[in-house]
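Student: Handing over run16.cif, mmCIF, C-alpha atoms.
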data_target
#
loop_
_atom_site.group_PDB
_atom_site.id
_atom_site.type_symbol
_atom_site.label_atom_id
_atom_site.label_comp_id
_atom_site.auth_asym_id
_atom_site.auth_seq_id
_atom_site.Cartn_x
_atom_site.Cartn_y
_atom_site.Cartn_z
ATOM 1 C CA MET X 1 -44.865 -15.542 -43.772
ATOM 2 C CA LEU X 2 -45.706 -16.392 -40.165
ATOM 3 C CA ARG X 3 -47.913 -14.069 -38.207
ATOM 4 C CA LYS X 4 -47.037 -13.060 -34.690
ATOM 5 C CA ARG X 5 -49.102 -14.678 -31.926
ATOM 6 C CA ASN X 6 -50.906 -12.494 -29.441
ATOM 7 C CA ARG X 7 -50.544 -12.831 -25.675
ATOM 8 C CA GLY X 8 -53.603 -15.063 -25.282
ATOM 9 C CA GLU X 9 -52.368 -17.511 -27.901
ATOM 10 C CA GLU X 10 -48.943 -17.636 -26.268
ATOM 11 C CA GLN X 11 -50.577 -18.351 -22.898
ATOM 12 C CA ASN X 12 -52.686 -21.149 -24.414
ATOM 13 C CA LEU X 13 -49.571 -22.746 -25.922
ATOM 14 C CA ARG X 14 -47.749 -22.592 -22.572
ATOM 15 C CA HIS X 15 -50.780 -24.017 -20.769
ATOM 16 C CA ARG X 16 -51.109 -26.981 -23.152
ATOM 17 C CA ARG X 17 -47.367 -27.677 -22.928
ATOM 18 C CA ILE X 18 -47.531 -27.673 -19.116
ATOM 19 C CA ARG X 19 -50.645 -29.867 -18.937
ATOM 20 C CA ARG X 20 -49.048 -32.545 -21.124
ATOM 21 C CA LYS X 21 -46.511 -33.135 -18.357
ATOM 22 C CA ILE X 22 -48.532 -32.502 -15.169
ATOM 23 C CA ILE X 23 -51.235 -34.695 -13.679
ATOM 24 C CA GLY X 24 -52.725 -34.507 -10.213
ATOM 25 C CA THR X 25 -53.480 -37.557 -8.097
ATOM 26 C CA LEU X 26 -55.238 -37.981 -4.769
ATOM 27 C CA GLU X 27 -51.884 -38.256 -2.972
ATOM 28 C CA ARG X 28 -50.375 -35.316 -4.877
ATOM 29 C CA PRO X 29 -53.082 -33.070 -6.385
ATOM 30 C CA ARG X 30 -52.537 -30.356 -8.961
ATOM 31 C CA LEU X 31 -52.455 -26.784 -7.622
ATOM 32 C CA ASN X 32 -54.086 -24.948 -10.531
ATOM 33 C CA VAL X 33 -53.861 -21.147 -10.815
ATOM 34 C CA PHE X 34 -56.171 -19.052 -12.989
ATOM 35 C CA LYS X 35 -55.445 -15.354 -12.994
ATOM 36 C CA SER X 36 -57.637 -12.804 -14.701
ATOM 37 C CA HIS X 37 -57.061 -9.070 -14.686
ATOM 38 C CA LYS X 38 -59.439 -8.639 -11.742
ATOM 39 C CA ASN X 39 -59.304 -11.873 -9.721
ATOM 40 C CA ILE X 40 -57.216 -14.921 -8.856
ATOM 41 C CA PHE X 41 -58.667 -18.440 -8.584
ATOM 42 C CA VAL X 42 -56.807 -21.469 -7.185
ATOM 43 C CA GLN X 43 -57.878 -25.117 -6.980
ATOM 44 C CA LEU X 44 -56.388 -28.365 -5.688
ATOM 45 C CA ILE X 45 -57.498 -30.930 -8.281
ATOM 46 C CA ASP X 46 -57.373 -34.738 -8.376
ATOM 47 C CA ASP X 47 -57.245 -35.394 -12.141
ATOM 48 C CA VAL X 48 -57.525 -39.169 -11.775
ATOM 49 C CA GLY X 49 -60.786 -38.959 -9.829
ATOM 50 C CA GLY X 50 -61.931 -35.778 -11.557
ATOM 51 C CA LYS X 51 -62.591 -33.940 -8.278
ATOM 52 C CA THR X 52 -61.709 -30.550 -6.858
ATOM 53 C CA LEU X 53 -60.390 -31.143 -3.342
ATOM 54 C CA ALA X 54 -60.051 -27.522 -2.188
ATOM 55 C CA SER X 55 -60.331 -24.084 -3.734
ATOM 56 C CA ALA X 56 -59.887 -20.405 -2.956
ATOM 57 C CA SER X 57 -60.515 -17.208 -4.871
ATOM 58 C CA THR X 58 -60.547 -13.474 -4.388
ATOM 59 C CA THR X 59 -64.291 -13.430 -5.090
ATOM 60 C CA GLU X 60 -65.071 -15.114 -1.760
ATOM 61 C CA SER X 61 -66.883 -12.912 0.728
ATOM 62 C CA GLU X 62 -64.241 -13.301 3.470
ATOM 63 C CA LEU X 63 -61.525 -11.844 1.214
ATOM 64 C CA ARG X 64 -63.569 -9.398 -0.845
ATOM 65 C CA GLY X 65 -63.879 -6.846 1.926
ATOM 66 C CA SER X 66 -60.256 -7.000 3.068
ATOM 67 C CA LEU X 67 -58.637 -6.533 -0.361
ATOM 68 C CA SER X 68 -58.882 -3.238 -2.221
ATOM 69 C CA VAL X 69 -57.485 -4.741 -5.461
ATOM 70 C CA ARG X 70 -58.177 -8.440 -5.991
ATOM 71 C CA GLY X 71 -55.734 -9.245 -8.814
ATOM 72 C CA ASN X 72 -52.438 -7.990 -7.425
ATOM 73 C CA ILE X 73 -49.548 -9.382 -5.379
ATOM 74 C CA ALA X 74 -51.226 -8.744 -2.004
ATOM 75 C CA ALA X 75 -54.259 -10.725 -3.144
ATOM 76 C CA ALA X 76 -52.006 -13.530 -4.411
ATOM 77 C CA LYS X 77 -50.336 -13.728 -1.010
ATOM 78 C CA ALA X 78 -53.724 -14.009 0.740
ATOM 79 C CA ILE X 79 -54.964 -16.666 -1.699
ATOM 80 C CA GLY X 80 -51.751 -18.697 -1.403
ATOM 81 C CA ALA X 81 -52.059 -18.814 2.380
ATOM 82 C CA LEU X 82 -55.779 -19.612 2.209
ATOM 83 C CA VAL X 83 -55.488 -22.519 -0.229
ATOM 84 C CA ALA X 84 -52.492 -23.960 1.633
ATOM 85 C CA GLY X 85 -54.453 -23.825 4.892
ATOM 86 C CA ARG X 86 -57.452 -25.532 3.304
ATOM 87 C CA GLY X 87 -55.209 -28.164 1.730
ATOM 88 C CA THR X 88 -53.378 -28.998 4.941
ATOM 89 C CA ALA X 89 -56.727 -29.191 6.755
ATOM 90 C CA ARG X 90 -57.680 -31.961 4.308
ATOM 91 C CA GLY X 91 -54.349 -33.721 4.843
ATOM 92 C CA ILE X 92 -52.688 -32.546 1.625
ATOM 93 C CA LYS X 93 -49.007 -31.708 2.008
ATOM 94 C CA ARG X 94 -47.507 -32.356 -1.444
ATOM 95 C CA VAL X 95 -48.865 -30.870 -4.667
ATOM 96 C CA VAL X 96 -47.898 -30.391 -8.310
ATOM 97 C CA PHE X 97 -47.875 -26.720 -9.348
ATOM 98 C CA ASP X 98 -49.809 -25.798 -12.506
ATOM 99 C CA ARG X 99 -49.333 -22.121 -13.293
ATOM 100 C CA GLY X 100 -52.011 -22.301 -15.976
ATOM 101 C CA GLY X 101 -49.934 -20.870 -18.798
ATOM 102 C CA ASN X 102 -49.036 -17.762 -16.802
ATOM 103 C CA LYS X 103 -45.412 -16.748 -16.614
ATOM 104 C CA TYR X 104 -43.790 -17.576 -13.281
ATOM 105 C CA HIS X 105 -43.337 -14.055 -11.956
ATOM 106 C CA GLY X 106 -45.322 -11.419 -10.124
ATOM 107 C CA ALA X 107 -48.555 -12.586 -8.539
ATOM 108 C CA VAL X 108 -48.135 -16.233 -9.618
ATOM 109 C CA LYS X 109 -44.668 -16.433 -8.051
ATOM 110 C CA VAL X 110 -45.846 -14.775 -4.823
ATOM 111 C CA LEU X 111 -48.810 -17.171 -4.623
ATOM 112 C CA ALA X 112 -46.486 -20.175 -5.019
ATOM 113 C CA ASP X 113 -43.972 -18.879 -2.475
ATOM 114 C CA THR X 114 -46.705 -18.164 0.086
ATOM 115 C CA ALA X 115 -48.238 -21.618 -0.395
ATOM 116 C CA ARG X 116 -44.787 -23.156 0.189
ATOM 117 C CA GLU X 117 -44.236 -21.082 3.331
ATOM 118 C CA THR X 118 -47.678 -22.014 4.666
ATOM 119 C CA GLY X 119 -47.084 -25.750 4.406
ATOM 120 C CA LEU X 120 -47.438 -27.134 0.873
ATOM 121 C CA GLU X 121 -44.493 -28.891 -0.781
ATOM 122 C CA PHE X 122 -43.823 -28.638 -4.516
#
Go ahead and express the file in the form of structure tokens.
Tutor:
Amino acid sequence: MLRKRNRGEEQNLRHRRIRRKIIGTLERPRLNVFKSHKNIFVQLIDDVGGKTLASASTTESELRGSLSVRGNIAAAKAIGALVAGRGTARGIKRVVFDRGGNKYHGAVKVLADTARETGLEF
């Protein structure tokens, strides 16, 4: 008899399935999202060169004071705008979205939509 997987195992399976298909390059880096219960972390990653080109998180001092809760939709909106601004400042317009095994709803969806509105294409 098969045992039921817990939420963490399901997320790991989704993340591995996504990463088999997605790779970031210098011309089109991977927009990686890691969401914990308390914070949200985003990176623009060149997988070929093994470098992080830009990053943003709710733990940064400029955002920590302005956000009362750092893992919710308002925080995701702020992080999406911040990482898109940092990416466009480095000349990055097109990215590949890696939701990191998270379901595409809530904070992850708002982060993606805000990054699109701010200037990234994916």
Student: Residue by residue, what does the PyMOL selection byres ((chain X and resi 61-75) around 8) grab here? Present the result as an mmCIF file with C-alpha atoms, in the frame of the given file.
Tutor:
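Result file selection22.cif:
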data_model
loop_
_atom_site.group_PDB
_atom_site.id
_atom_site.type_symbol
_atom_site.label_atom_id
_atom_site.label_comp_id
_atom_site.auth_asym_id
_atom_site.auth_seq_id
_atom_site.Cartn_x
_atom_site.Cartn_y
_atom_site.Cartn_z
ATOM 1 C CA LYS X 35 -55.445 -15.354 -12.994
ATOM 2 C CA SER X 36 -57.637 -12.804 -14.701
ATOM 3 C CA HIS X 37 -57.061 -9.070 -14.686
ATOM 4 C CA LYS X 38 -59.439 -8.639 -11.742
ATOM 5 C CA ASN X 39 -59.304 -11.873 -9.721
ATOM 6 C CA ILE X 40 -57.216 -14.921 -8.856
ATOM 7 C CA THR X 58 -60.547 -13.474 -4.388
ATOM 8 C CA THR X 59 -64.291 -13.430 -5.090
ATOM 9 C CA GLU X 60 -65.071 -15.114 -1.760
ATOM 10 C CA ALA X 76 -52.006 -13.530 -4.411
ATOM 11 C CA LYS X 77 -50.336 -13.728 -1.010
ATOM 12 C CA ALA X 78 -53.724 -14.009 0.740
ATOM 13 C CA ILE X 79 -54.964 -16.666 -1.699
ATOM 14 C CA GLY X 106 -45.322 -11.419 -10.124
ATOM 15 C CA ALA X 107 -48.555 -12.586 -8.539
ATOM 16 C CA VAL X 110 -45.846 -14.775 -4.823
ATOM 17 C CA LEU X 111 -48.810 -17.171 -4.623
#
Student: Of the candidates X:Val108, X:Leu13, X:Asn32, X:Leu53, which shows the shortest atom-to-atom distance to X:Arg90, using all atoms listed in the file?
Tutor: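 Among X:Val108, X:Leu13, X:Asn32, X:Leu53, it is X:Leu53 that comes nearest to X:Arg90.
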Student: For X:Arg7, which residue among X:Arg116, X:Lys103, X:Arg30, X:Lys93 is the nearest when counting only C-alpha atoms?
Tutor: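 Nearest candidate to X:Arg7 out of X:Arg116, X:Lys103, X:Arg30, X:Lys93: X:Lys103.
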Student: Can you measure atom CA of X:Arg28 to atom CA of X:Val95 for me? One decimal in Å is fine.
Tutor: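 Going from atom CA of X:Arg28 over to atom CA of X:Val95 covers 4.7 Å.
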Student: Find, counting all atoms listed in the file, the residue in X:Arg86, X:Arg19, X:Arg99, X:Lys109 that gets nearest to X:Asp47.
Tutor: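 Smallest separation from X:Asp47 among the options: X:Arg19.
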Student: Which neighbours of X:Gly50 fall inside 10 Å, counting all atoms listed in the file, when residues of the same chain fewer than 5 positions from it are skipped, and could you give them as a PyMOL selection string?
Tutor: chain X and resi 24-26+45
Student: Might you pull out every residue within 8 Å of X:His15, with only C-alpha atoms counted and same-chain residues fewer than 5 positions away left off, and present them as a list in words?
Tutor: Arg99, Gly100, Gly101 and Asn102 of chain X
Student: Which of these, X:Glu9, X:Arg17, X:Ile22, X:Val83, has the shortest distance to X:Thr118 once you count only C-alpha atoms?
Tutor: X:Val83
Student: Work out how far atom CA of X:Gly119 is from atom CA of X:Lys51, in Å to one decimal.
Tutor: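 Separation of atom CA of X:Lys51 and atom CA of X:Gly119: 21.6 Å.
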Student: Step by step, gather every atom of stretch 19-36 of chain X that the file lists, find the box along x, y and z that holds them, add 8 Å on each side, and finally give centre and edge lengths in Å to one decimal, as JSON.
Tutor:
{"center_x": -52.1, "center_y": -25.5, "center_z": -12.0, "size_x": 27.1, "size_y": 41.5, "size_z": 34.2}
Student: Enter the distance from atom CA of X:Val33 to atom CA of X:Ser57, in Å, rounded to one decimal.
Tutor: 9.8 Å
Student: Between X:Ile18, X:Ile23, X:Leu120, X:Ala89, which residue has the minimum interatomic distance to X:Ala54, considering all atoms listed in the file?
Tutor: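 Looking only at the distances to X:Ala54, the closest residue turns out to be X:Ala89.
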Student: For a quick check of understanding, using all atoms listed in the file, which of X:Met1, X:Ala56, X:Ala81, X:Ala115 has the smallest distance to X:Val96?
Tutor: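 Of X:Met1, X:Ala56, X:Ala81, X:Ala115, the one nearest X:Val96 is X:Ala115, counting all atoms listed in the file.
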Student: Can you pull stretch 36-94 of chain X out of that block with C-alpha atoms and hand it back as a PDB file, in the first residue's frame?
Tutor:
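Ended up saving to selection.pdb:
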ATOM      1  CA  SER X  36       9.273  30.304   3.383  1.00  0.00           C
ATOM      2  CA  HIS X  37       6.525  30.974   5.887  1.00  0.00           C
ATOM      3  CA  LYS X  38       8.224  34.194   7.003  1.00  0.00           C
ATOM      4  CA  ASN X  39      10.167  35.525   4.001  1.00  0.00           C
ATOM      5  CA  ILE X  40      10.421  35.545   0.214  1.00  0.00           C
ATOM      6  CA  PHE X  41      13.736  35.294  -1.660  1.00  0.00           C
ATOM      7  CA  VAL X  42      14.174  35.863  -5.411  1.00  0.00           C
ATOM      8  CA  GLN X  43      17.267  35.480  -7.599  1.00  0.00           C
ATOM      9  CA  LEU X  44      18.127  35.944 -11.270  1.00  0.00           C
ATOM     10  CA  ILE X  45      20.500  33.046 -11.986  1.00  0.00           C
ATOM     11  CA  ASP X  46      22.739  32.204 -14.954  1.00  0.00           C
ATOM     12  CA  ASP X  47      22.926  28.393 -14.699  1.00  0.00           C
ATOM     13  CA  VAL X  48      25.478  28.053 -17.498  1.00  0.00           C
ATOM     14  CA  GLY X  49      27.979  30.358 -15.796  1.00  0.00           C
ATOM     15  CA  GLY X  50      26.874  29.417 -12.288  1.00  0.00           C
ATOM     16  CA  LYS X  51      26.364  33.042 -11.209  1.00  0.00           C
ATOM     17  CA  THR X  52      23.629  34.981  -9.464  1.00  0.00           C
ATOM     18  CA  LEU X  53      23.062  38.145 -11.494  1.00  0.00           C
ATOM     19  CA  ALA X  54      20.604  39.930  -9.184  1.00  0.00           C
ATOM     20  CA  SER X  55      18.665  39.119  -6.044  1.00  0.00           C
ATOM     21  CA  ALA X  56      16.077  40.537  -3.671  1.00  0.00           C
ATOM     22  CA  SER X  57      14.549  39.360  -0.421  1.00  0.00           C
ATOM     23  CA  THR X  58      12.294  40.554   2.347  1.00  0.00           C
ATOM     24  CA  THR X  59      15.196  40.300   4.801  1.00  0.00           C
ATOM     25  CA  GLU X  60      16.948  43.309   3.248  1.00  0.00           C
ATOM     26  CA  SER X  61      17.099  46.364   5.476  1.00  0.00           C
ATOM     27  CA  GLU X  62      15.339  48.663   2.974  1.00  0.00           C
ATOM     28  CA  LEU X  63      12.234  46.440   2.945  1.00  0.00           C
ATOM     29  CA  ARG X  64      12.279  45.135   6.508  1.00  0.00           C
ATOM     30  CA  GLY X  65      11.040  48.364   8.034  1.00  0.00           C
ATOM     31  CA  SER X  66       8.314  49.039   5.471  1.00  0.00           C
ATOM     32  CA  LEU X  67       6.645  45.604   5.609  1.00  0.00           C
ATOM     33  CA  SER X  68       4.756  44.455   8.689  1.00  0.00           C
ATOM     34  CA  VAL X  69       4.480  40.850   7.411  1.00  0.00           C
ATOM     35  CA  ARG X  70       7.282  39.697   5.119  1.00  0.00           C
ATOM     36  CA  GLY X  71       5.766  36.514   3.650  1.00  0.00           C
ATOM     37  CA  ASN X  72       2.439  37.738   2.308  1.00  0.00           C
ATOM     38  CA  ILE X  73       1.079  39.138  -0.957  1.00  0.00           C
ATOM     39  CA  ALA X  74       2.113  42.740  -0.202  1.00  0.00           C
ATOM     40  CA  ALA X  75       5.686  41.589   0.370  1.00  0.00           C
ATOM     41  CA  ALA X  76       5.595  39.558  -2.858  1.00  0.00           C
ATOM     42  CA  LYS X  77       4.504  42.647  -4.772  1.00  0.00           C
ATOM     43  CA  ALA X  78       7.401  44.680  -3.326  1.00  0.00           C
ATOM     44  CA  ILE X  79       9.937  41.930  -4.067  1.00  0.00           C
ATOM     45  CA  GLY X  80       8.662  41.463  -7.630  1.00  0.00           C
ATOM     46  CA  ALA X  81       9.092  45.163  -8.371  1.00  0.00           C
ATOM     47  CA  LEU X  82      12.509  45.262  -6.693  1.00  0.00           C
ATOM     48  CA  VAL X  83      13.992  42.292  -8.553  1.00  0.00           C
ATOM     49  CA  ALA X  84      12.573  43.491 -11.880  1.00  0.00           C
ATOM     50  CA  GLY X  85      14.136  46.914 -11.312  1.00  0.00           C
ATOM     51  CA  ARG X  86      17.500  45.375 -10.451  1.00  0.00           C
ATOM     52  CA  GLY X  87      17.302  43.080 -13.473  1.00  0.00           C
ATOM     53  CA  THR X  88      16.469  45.842 -15.929  1.00  0.00           C
ATOM     54  CA  ALA X  89      19.283  47.951 -14.453  1.00  0.00           C
ATOM     55  CA  ARG X  90      21.662  45.138 -15.453  1.00  0.00           C
ATOM     56  CA  GLY X  91      20.134  44.944 -18.933  1.00  0.00           C
ATOM     57  CA  ILE X  92      18.005  41.847 -18.326  1.00  0.00           C
ATOM     58  CA  LYS X  93      14.599  41.967 -19.997  1.00  0.00           C
ATOM     59  CA  ARG X  94      13.710  38.309 -20.636  1.00  0.00           C
TER      60      ARG X  94
END
